[in-house]
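**Student:** What follows is upload.tsv, TSV, C-alpha atoms.
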chain	number	residue	atom	x	y	z
A	200	MET	CA	98.32	101.84	95.08
A	201	SER	CA	99.10	99.86	98.28
A	202	ALA	CA	102.68	101.12	98.34
A	203	ARG	CA	101.48	104.72	98.06
A	204	ARG	CA	99.00	104.20	100.91
A	205	ASN	CA	101.76	102.75	103.07
A	206	ILE	CA	103.98	105.77	102.38
A	207	THR	CA	101.19	108.16	103.33
A	208	LEU	CA	100.38	106.22	106.51
A	209	PHE	CA	104.05	106.25	107.54
A	210	TYR	CA	104.35	110.01	107.22
A	211	PHE	CA	101.20	110.69	109.19
A	212	LEU	CA	102.30	108.27	111.93
A	213	VAL	CA	105.54	110.23	112.21
A	214	ILE	CA	103.76	113.57	112.48
A	215	LEU	CA	101.02	112.44	114.87
A	216	GLY	CA	103.42	110.50	117.06
A	217	SER	CA	105.82	113.39	117.35
A	218	TYR	CA	103.16	115.37	119.22
A	219	SER	CA	103.19	112.99	122.18
A	220	PHE	CA	106.07	114.35	124.29
A	221	ALA	CA	105.19	115.58	127.79
A	222	GLN	CA	104.50	119.25	128.41
A	223	LYS	CA	102.15	121.55	130.33
A	224	GLU	CA	101.45	123.92	127.43
A	225	LYS	CA	101.59	123.91	123.67
A	226	THR	CA	102.31	126.49	120.99
A	227	ILE	CA	100.71	126.10	117.58
A	228	ALA	CA	101.90	128.25	114.66
A	229	PHE	CA	100.32	128.79	111.25
A	230	THR	CA	102.54	129.96	108.39
A	231	ILE	CA	101.94	131.09	104.83
A	232	SER	CA	104.96	131.79	102.66
A	233	SER	CA	105.89	132.45	99.06
A	234	MET	CA	108.60	130.49	97.25
A	235	HIS	CA	110.90	131.94	94.60
A	236	GLY	CA	113.69	130.09	92.80
A	237	GLN	CA	114.33	127.80	89.88
A	238	PHE	CA	114.91	124.26	88.72
A	239	ILE	CA	118.52	123.18	89.37
A	240	PRO	CA	119.92	120.65	86.85
A	241	HIS	CA	122.48	118.27	88.29
A	242	LYS	CA	124.16	117.82	84.90
A	243	PRO	CA	124.64	120.23	81.94
A	244	ALA	CA	122.55	118.00	79.67
A	245	LEU	CA	119.44	119.07	81.62
A	246	ASN	CA	119.91	122.83	81.21
A	247	TYR	CA	117.24	122.86	78.49
A	248	LEU	CA	114.59	122.27	81.20
A	249	ILE	CA	115.19	125.75	82.67
A	250	GLN	CA	112.56	127.91	80.97
A	251	GLY	CA	111.68	130.38	83.72
A	252	LYS	CA	111.55	131.05	87.44
A	253	SER	CA	109.83	128.69	89.87
A	254	ILE	CA	107.20	130.44	92.00
A	255	GLY	CA	104.85	128.91	94.55
A	256	LEU	CA	102.96	129.02	97.85
A	257	GLU	CA	103.40	127.02	101.04
A	258	PHE	CA	101.05	126.53	104.01
A	259	SER	CA	102.26	125.02	107.30
A	260	ILE	CA	100.94	124.12	110.74
A	261	GLU	CA	103.56	123.60	113.41
A	262	LYS	CA	103.86	122.56	117.04
A	263	ARG	CA	106.63	124.33	118.94
A	264	LYS	CA	108.68	123.95	122.09
A	265	LYS	CA	110.62	127.06	123.06
A	266	ASP	CA	114.07	127.11	121.40
A	267	SER	CA	113.85	123.38	120.77
A	268	ILE	CA	112.45	120.87	118.35
A	269	ARG	CA	109.45	121.80	116.22
A	270	TYR	CA	107.21	119.48	114.24
A	271	GLY	CA	104.61	120.14	111.61
A	272	LEU	CA	102.89	119.52	108.32
A	273	THR	CA	103.32	121.50	105.09
A	274	ALA	CA	101.25	121.66	101.88
A	275	SER	CA	102.73	123.38	98.82
A	276	ILE	CA	102.14	124.17	95.18
A	277	LEU	CA	105.00	125.18	92.90
A	278	ASN	CA	105.21	126.31	89.28
A	279	SER	CA	108.24	124.38	88.00
A	280	GLY	CA	109.14	127.15	85.53
A	281	ASN	CA	108.62	124.77	82.60
A	282	PRO	CA	104.87	124.42	82.00
A	283	GLU	CA	105.24	122.31	78.86
A	284	VAL	CA	107.56	119.58	80.16
A	285	LEU	CA	107.16	119.54	83.98
A	286	GLY	CA	104.06	121.61	84.77
A	287	LEU	CA	102.96	122.16	88.37
A	288	VAL	CA	104.47	120.33	91.34
A	289	TYR	CA	102.41	119.68	94.49
A	290	GLY	CA	103.70	118.58	97.88
A	291	LEU	CA	102.54	117.37	101.29
A	292	ASN	CA	105.23	116.67	103.87
A	293	GLY	CA	105.90	116.35	107.54
A	294	PHE	CA	108.91	118.15	108.94
A	295	THR	CA	111.07	118.69	111.98
A	296	SER	CA	113.02	121.87	112.69
A	297	PHE	CA	115.80	122.31	115.24
A	298	PRO	CA	118.09	125.21	116.24
A	299	LEU	CA	121.63	125.46	114.87
A	300	THR	CA	122.66	128.05	117.50
A	301	LYS	CA	121.87	128.69	121.17
A	302	LYS	CA	120.53	132.17	120.45
A	303	GLU	CA	116.81	132.80	120.90
A	304	ASN	CA	115.12	132.86	117.48
A	305	GLY	CA	118.43	131.88	115.87
A	306	ILE	CA	118.93	130.06	112.58
A	307	ARG	CA	117.15	126.72	112.37
A	308	LEU	CA	117.47	123.73	110.06
A	309	LYS	CA	114.24	122.29	108.67
A	310	ILE	CA	114.18	118.72	107.33
A	311	GLY	CA	111.00	117.57	105.62
A	312	VAL	CA	109.93	114.27	104.06
A	313	GLY	CA	106.63	113.57	102.36
A	314	LEU	CA	104.79	113.06	99.09
A	315	GLY	CA	104.99	115.05	95.88
A	316	TYR	CA	102.88	115.04	92.73
A	317	VAL	CA	104.44	116.09	89.41
A	318	GLU	CA	101.84	117.15	86.85
A	319	LYS	CA	103.75	116.18	83.68
A	320	ILE	CA	105.99	113.12	83.51
A	321	PHE	CA	107.95	111.22	80.89
A	322	ASP	CA	105.94	109.70	78.08
A	323	PRO	CA	107.68	108.25	75.00
A	324	ASN	CA	104.95	109.58	72.72
A	325	THR	CA	103.70	112.85	74.23
A	326	ASN	CA	106.45	114.10	76.57
A	327	ASN	CA	109.79	112.54	75.65
A	328	ARG	CA	111.66	115.73	76.59
A	329	ASN	CA	111.06	114.98	80.24
A	330	ILE	CA	113.90	112.58	80.99
A	331	VAL	CA	114.07	113.38	84.73
A	332	ILE	CA	110.93	111.83	86.25
A	333	GLY	CA	108.72	108.90	85.25
A	334	SER	CA	105.97	108.90	87.91
A	335	HIS	CA	103.34	111.36	89.05
A	336	VAL	CA	103.67	110.34	92.74
A	337	ASN	CA	107.12	110.88	94.24
A	338	THR	CA	108.88	111.42	97.51
A	339	LYS	CA	109.44	115.04	98.50
A	340	ILE	CA	112.54	115.93	100.55
A	341	VAL	CA	113.25	119.41	101.93
A	342	PHE	CA	116.43	120.84	103.49
A	343	ARG	CA	116.15	124.52	104.47
A	344	ALA	CA	117.94	127.02	106.71
A	345	GLU	CA	115.44	129.42	108.31
A	346	LYS	CA	115.36	132.44	110.59
A	347	GLU	CA	112.36	134.00	112.28
A	348	PHE	CA	111.94	137.69	113.17
A	349	LEU	CA	109.42	138.94	115.72
A	350	LEU	CA	107.15	141.63	114.25
A	351	TRP	CA	104.88	142.09	117.26
A	352	ARG	CA	103.30	139.77	119.78
A	353	ASN	CA	102.55	136.34	118.26
A	354	ASN	CA	103.39	137.61	114.74
A	355	TYR	CA	106.60	136.69	112.92
A	356	LEU	CA	108.41	137.21	109.62
A	357	ASN	CA	110.12	134.09	108.24
A	358	LEU	CA	113.06	134.00	105.86
A	359	GLY	CA	114.56	130.77	104.53
A	360	MET	CA	116.62	129.25	101.75
A	361	GLY	CA	117.02	125.62	100.80
A	362	VAL	CA	116.62	122.75	98.39
A	363	CYS	CA	113.45	120.84	97.54
A	364	HIS	CA	113.94	117.44	95.88
A	365	PHE	CA	111.41	115.13	94.19
A	366	SER	CA	112.27	111.51	93.39
A	367	ASN	CA	110.59	108.09	93.26
A	368	GLY	CA	113.68	106.13	94.34
A	369	ALA	CA	113.88	104.21	91.04
A	370	TYR	CA	110.37	102.79	91.52
A	371	GLN	CA	109.56	103.99	88.01
A	372	THR	CA	112.05	105.19	85.40
A	373	PRO	CA	113.31	107.66	84.42
A	374	ASN	CA	114.34	108.86	87.87
A	375	LEU	CA	117.06	111.48	87.64
A	376	GLY	CA	115.07	113.53	90.15
A	377	ILE	CA	113.87	117.15	90.22
A	378	ASN	CA	115.69	119.73	92.33
A	379	PHE	CA	114.64	123.30	93.12
A	380	LEU	CA	116.68	125.97	94.88
A	381	LEU	CA	114.11	128.15	96.68
A	382	LEU	CA	113.95	131.32	98.75
A	383	ASN	CA	111.02	131.43	101.21
A	384	LEU	CA	109.45	134.60	102.57
A	385	GLY	CA	106.57	134.08	104.96
A	386	TYR	CA	104.35	135.25	107.80
A	387	SER	CA	103.58	133.23	110.95
A	388	TRP	CA	101.02	133.59	113.70
A	389	ALA	CA	101.66	131.59	116.87
A	390	LYS	CA	99.42	130.96	119.87
A	391	THR	CA	100.37	129.35	123.22
A	392	VAL	CA	97.68	127.64	125.27
A	393	ALA	CA	97.76	125.68	128.54
A	394	LEU	CA	96.87	122.01	128.48
A	395	LYS	CA	94.08	120.80	130.76
A	396	LYS	CA	95.96	117.57	131.34
A	397	GLU	CA	99.68	116.95	131.01
A	398	LYS	CA	100.42	114.29	128.42
A	399	LYS	CA	102.33	111.18	129.38
A	400	SER	CA	105.91	111.29	128.18
A	401	PHE	CA	107.52	108.67	126.00
A	402	ASN	CA	110.69	107.42	127.69
A	403	MET	CA	113.53	107.73	125.19
A	404	ASN	CA	116.26	107.03	127.76
A	405	TYR	CA	115.89	103.24	127.79
A	406	GLY	CA	119.24	102.77	126.02
A	407	LEU	CA	121.29	105.21	128.09
A	408	ASP	CA	122.04	102.62	130.79
A	409	ARG	CA	124.43	100.97	128.33
A	410	LYS	CA	126.89	102.01	125.67
A	411	TRP	CA	125.99	99.42	123.02
A	412	ILE	CA	122.66	98.43	121.47
A	413	TYR	CA	122.20	95.50	119.06
A	414	SER	CA	119.34	95.46	116.54
A	415	VAL	CA	118.16	93.63	113.45
A	416	VAL	CA	116.40	95.38	110.55
A	417	LEU	CA	114.23	93.72	107.90
A	418	SER	CA	113.32	95.99	104.98
A	419	GLY	CA	112.29	95.82	101.35
A	420	GLY	CA	111.34	97.84	98.31
A	421	ILE	CA	110.72	97.77	94.56
A	422	ARG	CA	112.96	99.01	91.78
A	423	GLU	CA	112.29	99.48	88.07
A	424	ASN	CA	115.21	98.93	85.70
A	425	PRO	CA	115.83	101.50	82.93
A	426	SER	CA	115.25	99.04	80.11
A	427	PRO	CA	112.80	99.04	77.19
A	428	LEU	CA	110.49	96.65	79.07
A	429	ARG	CA	110.70	98.68	82.35
A	430	GLU	CA	110.33	95.61	84.58
A	431	LYS	CA	109.95	95.99	88.37
A	432	TYR	CA	111.89	93.79	90.82
A	433	PRO	CA	111.67	93.34	94.60
A	434	ILE	CA	114.59	94.09	96.91
A	435	VAL	CA	114.83	92.48	100.38
A	436	ASN	CA	117.46	93.46	102.94
A	437	LEU	CA	118.44	91.95	106.30
A	438	CYS	CA	120.69	94.20	108.39
A	439	ASN	CA	122.51	93.52	111.66
A	440	ARG	CA	123.06	96.89	113.34
A	441	ILE	CA	125.21	97.90	116.33
A	442	ASN	CA	124.80	101.33	117.95
A	443	TYR	CA	127.32	103.06	120.17
A	444	ILE	CA	125.37	105.46	122.43
A	445	GLN	CA	127.32	108.70	122.73
A	446	SER	CA	124.36	110.67	124.17
A	447	ALA	CA	120.57	110.80	124.15
A	448	LYS	CA	120.73	112.73	120.87
A	449	ASN	CA	123.67	111.16	119.05
A	450	ASN	CA	124.62	107.56	118.17
A	451	PHE	CA	127.34	106.06	116.02
A	452	THR	CA	126.43	102.87	114.22
A	453	GLY	CA	127.86	100.07	112.11
A	454	GLY	CA	126.91	96.65	110.86
A	455	ILE	CA	126.54	94.22	107.99
A	456	ASP	CA	123.91	94.02	105.22
A	457	PHE	CA	122.61	90.95	103.36
A	458	THR	CA	120.53	91.85	100.30
A	459	TYR	CA	118.52	89.89	97.74
A	460	ASN	CA	118.28	92.02	94.58
A	461	PRO	CA	117.14	90.04	91.49
A	462	GLY	CA	116.94	93.22	89.43
A	463	ILE	CA	120.72	93.19	88.89
A	464	LEU	CA	120.32	90.02	86.80
A	465	HIS	CA	118.44	92.02	84.17
A	466	ARG	CA	120.66	95.04	83.63
A	467	SER	CA	122.35	95.50	80.30
A	468	HIS	CA	125.91	95.67	81.66
A	469	ILE	CA	125.57	92.54	83.86
A	470	PRO	CA	126.20	88.96	82.61
A	471	LEU	CA	123.30	86.56	83.19
A	472	GLU	CA	125.47	84.28	85.36
A	473	VAL	CA	125.82	86.73	88.27
A	474	SER	CA	124.28	86.21	91.71
A	475	PRO	CA	121.33	88.31	92.95
A	476	LEU	CA	122.87	88.33	96.44
A	477	GLN	CA	124.81	91.28	97.87
A	478	SER	CA	126.44	91.92	101.23
A	479	GLY	CA	128.36	94.82	102.70
A	480	LEU	CA	129.79	96.50	105.81
A	481	PHE	CA	128.69	100.01	106.80
A	482	ILE	CA	129.27	102.74	109.36
A	483	GLY	CA	126.98	105.67	110.09
A	484	ASN	CA	125.47	108.23	112.40
A	485	GLU	CA	122.02	108.58	113.99
A	486	ARG	CA	120.48	111.77	115.41
A	487	ASN	CA	117.53	111.34	117.79
A	488	PHE	CA	114.67	113.82	118.23
A	489	ASP	CA	112.08	112.36	120.62
A	490	ARG	CA	110.49	109.47	118.69
A	491	ILE	CA	112.17	110.35	115.38
A	492	THR	CA	115.68	109.32	114.33
A	493	PHE	CA	117.55	110.53	111.23
A	494	ALA	CA	120.14	107.99	110.06
A	495	VAL	CA	122.93	108.26	107.49
A	496	ASP	CA	125.07	105.23	106.53
A	497	MET	CA	127.97	104.65	104.15
A	498	GLY	CA	128.92	101.11	103.21
A	499	VAL	CA	131.31	99.09	101.10
A	500	TYR	CA	130.28	95.87	99.36
A	501	LEU	CA	131.92	92.64	100.46
A	502	PHE	CA	130.10	90.69	97.78
A	503	ASN	CA	128.47	92.30	94.76
A	504	GLN	CA	128.75	90.89	91.24
A	505	ASN	CA	127.18	94.09	89.92
A	506	ARG	CA	130.61	95.72	89.71
A	507	LYS	CA	129.28	99.12	88.71
A	508	SER	CA	129.68	100.45	92.27
A	509	LEU	CA	131.74	99.50	95.32
A	510	ILE	CA	130.24	102.10	97.70
A	511	TYR	CA	126.61	102.43	98.79
A	512	HIS	CA	124.67	104.83	101.07
A	513	ARG	CA	121.46	104.90	103.09
A	514	PHE	CA	119.46	107.90	104.29
A	515	GLY	CA	116.63	107.00	106.62
A	516	ILE	CA	113.95	108.10	109.06
A	517	HIS	CA	113.19	105.76	111.99
A	518	TYR	CA	110.07	106.14	114.13
A	519	GLN	CA	109.89	104.67	117.66
A	520	LEU	CA	106.75	102.56	118.13
A	521	SER	CA	107.76	100.92	121.42
A	522	LYS	CA	110.81	100.21	123.56
A	523	LYS	CA	112.10	97.59	121.14
A	524	ILE	CA	110.42	98.30	117.80
A	525	LYS	CA	110.92	101.05	115.21
A	526	ILE	CA	109.45	101.40	111.73
A	527	LEU	CA	111.59	103.02	109.07
A	528	LEU	CA	111.75	104.49	105.61
A	529	GLN	CA	115.15	104.69	103.95
A	530	LEU	CA	116.67	105.42	100.55
A	531	LYS	CA	119.53	103.27	99.34
A	532	SER	CA	121.74	104.90	96.73
A	533	HIS	CA	125.12	104.72	95.05
A	534	TRP	CA	126.27	108.31	95.49
A	535	ALA	CA	123.67	110.38	93.56
A	536	VAL	CA	122.07	107.33	91.85
A	537	ALA	CA	119.05	105.97	93.73
A	538	GLU	CA	118.74	102.20	94.09
A	539	ALA	CA	115.39	101.92	95.92
A	540	PHE	CA	113.22	103.19	98.73
A	541	GLU	CA	112.98	100.59	101.48
A	542	PHE	CA	110.28	100.20	104.14
A	543	GLY	CA	111.07	98.10	107.17
A	544	ILE	CA	110.99	97.27	110.84
A	545	LYS	CA	113.83	97.49	113.35
A	546	TYR	CA	113.86	95.20	116.40
A	547	ARG	CA	116.18	95.82	119.33
A	548	ILE	CA	117.67	92.53	120.50
A	549	LYS	CA	119.78	93.82	123.41
Please render this file's structure as structure tokens.

**Tutor:**
Amino acid sequence: MSARRNITLFYFLVILGSYSFAQKEKTIAFTISSMHGQFIPHKPALNYLIQGKSIGLEFSIEKRKKDSIRYGLTASILNSGNPEVLGLVYGLNGFTSFPLTKKENGIRLKIGVGLGYVEKIFDPNTNNRNIVIGSHVNTKIVFRAEKEFLLWRNNYLNLGMGVCHFSNGAYQTPNLGINFLLLNLGYSWAKTVALKKEKKSFNMNYGLDRKWIYSVVLSGGIRENPSPLREKYPIVNLCNRINYIQSAKNNFTGGIDFTYNPGILHRSHIPLEVSPLQSGLFIGNERNFDRITFAVDMGVYLFNQNRKSLIYHRFGIHYQLSKKIKILLQLKSHWAVAEAFEFGIKYRIK
């Protein structure tokens, strides 16, 4: 349960912290929307899980800056379309939304990360047809393109389409993941009010006086191997990271990873004599939105006796606690195969 509490705390820190940028007024919007779509199998062998349409409801509260970044919290309930094998899927996630065009009320991209609860999971005795998810509690990830239409003052119609993904990052097998393609139709009411006292801004320009920033990241997670015994193993990673500062919003990054992963010693295709150590070089990109950074890395192993994959990836969210310290949540994967969720701390050396 401690890992689940840490995940929840992280998400709420991200949402609460994102409200701290300086401004003289604030706009709060409340949205209710319906969801229509279906389960999307990522391989033909999972087509049997499609039994009907997926229908649900979503409730959001959002803080807005005009034509800029928006932050908020969403609660959802979704009928998976397969009541016998998957049942209902619940979600609670924080999100950020930013414009893709310069037009007022143009198309926006929403990225959300949070917690999901799947009602019916794999059980070898009672639900062995569910081979996609092995845990009730999962991570929820949302990518959605949205557009808002003004109906009358403070009232809006919302239209969006995107993908909603549920996965536990190999914490508990099976973990093929659940994907839904969804169309959202909603109504929003927004209200702008003046602040009695202007909030103190958080200075995000501390790195702009130089082109290069050097950091070290210590992170770790837990992975369960898909074996009959379903053992769990820790993963610890030490990363040296170099950022090239292109602008306040965009960084290019690279570095070297050193990983201790004893779980690879207990996989069926790996000889017992292999080393649990891994190392690799990576390059990537970081996009900054106030305190929040979205990071994407692609790496190649320099040393990895688990020869099943040469390439690895990381998708992460970093949250700025202070000038030198960030906390982070990231998913390490080998293409579409999750390795583990990692929680960590990033310390800026120079």

**Student:** Interatomic distance between CA of Asn442 (chain A) and CA of Gln519 (chain A)?

**Tutor:** 15.3 Å

**Student:** With all atoms listed in the file as the basis for distance, which of A:Phe348, A:Trp534, A:Tyr316, A:Tyr432 is at the shortest distance from His465 (chain A)?

**Tutor:**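 With all atoms listed in the file as the atom set, the closest residue is A:Tyr432.
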
**Student:** Quote the spacing between CA of Leu308 (chain A) and CA of Tyr355 (chain A) in Å to one decimal place.

**Tutor:**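 Here the two named atoms are 17.2 Å from each other.
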
**Student:** With 6 Å as the threshold, what does the neighbourhood of (106.9, 115.4, 87.6) contain in terms of residues, counting only C-alpha atoms? Coordinates are those of the file; answer as a list in words.

**Tutor:**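 Output of the proximity query reads Leu285, Val317, Glu318, Lys319, Ile320, Ile332 and His335 of chain A.
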
**Student:** When you look at Lys309 (chain A) with a cut-off of 12 Å (counting all atoms listed in the file), what residues show up, excluding the ones that are within fewer than 5 positions of it in the same chain? I need them as a PDB file with C-alpha atoms, in the frame of the given file.

**Tutor:**
ATOM      1  CA  GLU A 261     103.560 123.600 113.410  1.00  0.00           C
ATOM      2  CA  ILE A 268     112.450 120.870 118.350  1.00  0.00           C
ATOM      3  CA  ARG A 269     109.450 121.800 116.220  1.00  0.00           C
ATOM      4  CA  TYR A 270     107.210 119.480 114.240  1.00  0.00           C
ATOM      5  CA  GLY A 271     104.610 120.140 111.610  1.00  0.00           C
ATOM      6  CA  LEU A 272     102.890 119.520 108.320  1.00  0.00           C
ATOM      7  CA  THR A 273     103.320 121.500 105.090  1.00  0.00           C
ATOM      8  CA  ASN A 292     105.230 116.670 103.870  1.00  0.00           C
ATOM      9  CA  GLY A 293     105.900 116.350 107.540  1.00  0.00           C
ATOM     10  CA  PHE A 294     108.910 118.150 108.940  1.00  0.00           C
ATOM     11  CA  THR A 295     111.070 118.690 111.980  1.00  0.00           C
ATOM     12  CA  SER A 296     113.020 121.870 112.690  1.00  0.00           C
ATOM     13  CA  PHE A 297     115.800 122.310 115.240  1.00  0.00           C
ATOM     14  CA  PRO A 298     118.090 125.210 116.240  1.00  0.00           C
ATOM     15  CA  LEU A 299     121.630 125.460 114.870  1.00  0.00           C
ATOM     16  CA  ILE A 340     112.540 115.930 100.550  1.00  0.00           C
ATOM     17  CA  VAL A 341     113.250 119.410 101.930  1.00  0.00           C
ATOM     18  CA  PHE A 342     116.430 120.840 103.490  1.00  0.00           C
ATOM     19  CA  ARG A 343     116.150 124.520 104.470  1.00  0.00           C
ATOM     20  CA  ALA A 344     117.940 127.020 106.710  1.00  0.00           C
ATOM     21  CA  GLU A 345     115.440 129.420 108.310  1.00  0.00           C
ATOM     22  CA  LYS A 346     115.360 132.440 110.590  1.00  0.00           C
ATOM     23  CA  GLY A 359     114.560 130.770 104.530  1.00  0.00           C
ATOM     24  CA  MET A 360     116.620 129.250 101.750  1.00  0.00           C
ATOM     25  CA  GLY A 361     117.020 125.620 100.800  1.00  0.00           C
ATOM     26  CA  VAL A 362     116.620 122.750  98.390  1.00  0.00           C
ATOM     27  CA  CYS A 363     113.450 120.840  97.540  1.00  0.00           C
TER      28      CYS A 363
END

**Student:** Show which residues sit within 10 Å of Ala535 (chain A), as a short mmCIF file (atom, residue, chain, number, x, y, z; two decimals) with C-alpha atoms, in the coordinates of the input. Count only C-alpha atoms, and ignore same-chain residues fewer than 2 positions away.

**Tutor:**
data_model
loop_
_atom_site.label_atom_id
_atom_site.label_comp_id
_atom_site.auth_asym_id
_atom_site.auth_seq_id
_atom_site.Cartn_x
_atom_site.Cartn_y
_atom_site.Cartn_z
CA HIS A 241 122.48 118.27 88.29
CA LEU A 375 117.06 111.48 87.64
CA GLY A 376 115.07 113.53 90.15
CA TYR A 511 126.61 102.43 98.79
CA HIS A 512 124.67 104.83 101.07
CA SER A 532 121.74 104.90 96.73
CA HIS A 533 125.12 104.72 95.05
CA ALA A 537 119.05 105.97 93.73
CA GLU A 538 118.74 102.20 94.09
#

**Student:** Which of these residues is nearest to Asn484 (chain A), using all atoms listed in the file: A:Asn424, A:Asn450, A:Ser521, A:Ser275?

**Tutor:**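 The closest residue to Asn484 (chain A) is A:Asn450.
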
**Student:** So that I can check the surroundings of Ser253 (chain A), please list as a list in words every protein, DNA and RNA residue that reaches within 9 Å of it, counting only C-alpha atoms and ignoring chain neighbours fewer than 2 positions away.

**Tutor:**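 Neighbouring residues, sequence-local ones excluded: Met234, His235, Gly236, Gln237, Phe238, Gly251, Gly255, Leu277, Asn278, Ser279, Gly280, Asn281, Phe379, Leu380 and Leu381 of chain A.
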
**Student:** Store the residues picked out above in a file with C-alpha atoms, as a PDB file, in the coordinates of the input.

**Tutor:**
ATOM      1  CA  MET A 234     108.600 130.490  97.250  1.00  0.00           C
ATOM      2  CA  HIS A 235     110.900 131.940  94.600  1.00  0.00           C
ATOM      3  CA  GLY A 236     113.690 130.090  92.800  1.00  0.00           C
ATOM      4  CA  GLN A 237     114.330 127.800  89.880  1.00  0.00           C
ATOM      5  CA  PHE A 238     114.910 124.260  88.720  1.00  0.00           C
ATOM      6  CA  GLY A 251     111.680 130.380  83.720  1.00  0.00           C
ATOM      7  CA  GLY A 255     104.850 128.910  94.550  1.00  0.00           C
ATOM      8  CA  LEU A 277     105.000 125.180  92.900  1.00  0.00           C
ATOM      9  CA  ASN A 278     105.210 126.310  89.280  1.00  0.00           C
ATOM     10  CA  SER A 279     108.240 124.380  88.000  1.00  0.00           C
ATOM     11  CA  GLY A 280     109.140 127.150  85.530  1.00  0.00           C
ATOM     12  CA  ASN A 281     108.620 124.770  82.600  1.00  0.00           C
ATOM     13  CA  PHE A 379     114.640 123.300  93.120  1.00  0.00           C
ATOM     14  CA  LEU A 380     116.680 125.970  94.880  1.00  0.00           C
ATOM     15  CA  LEU A 381     114.110 128.150  96.680  1.00  0.00           C
TER      16      LEU A 381
END
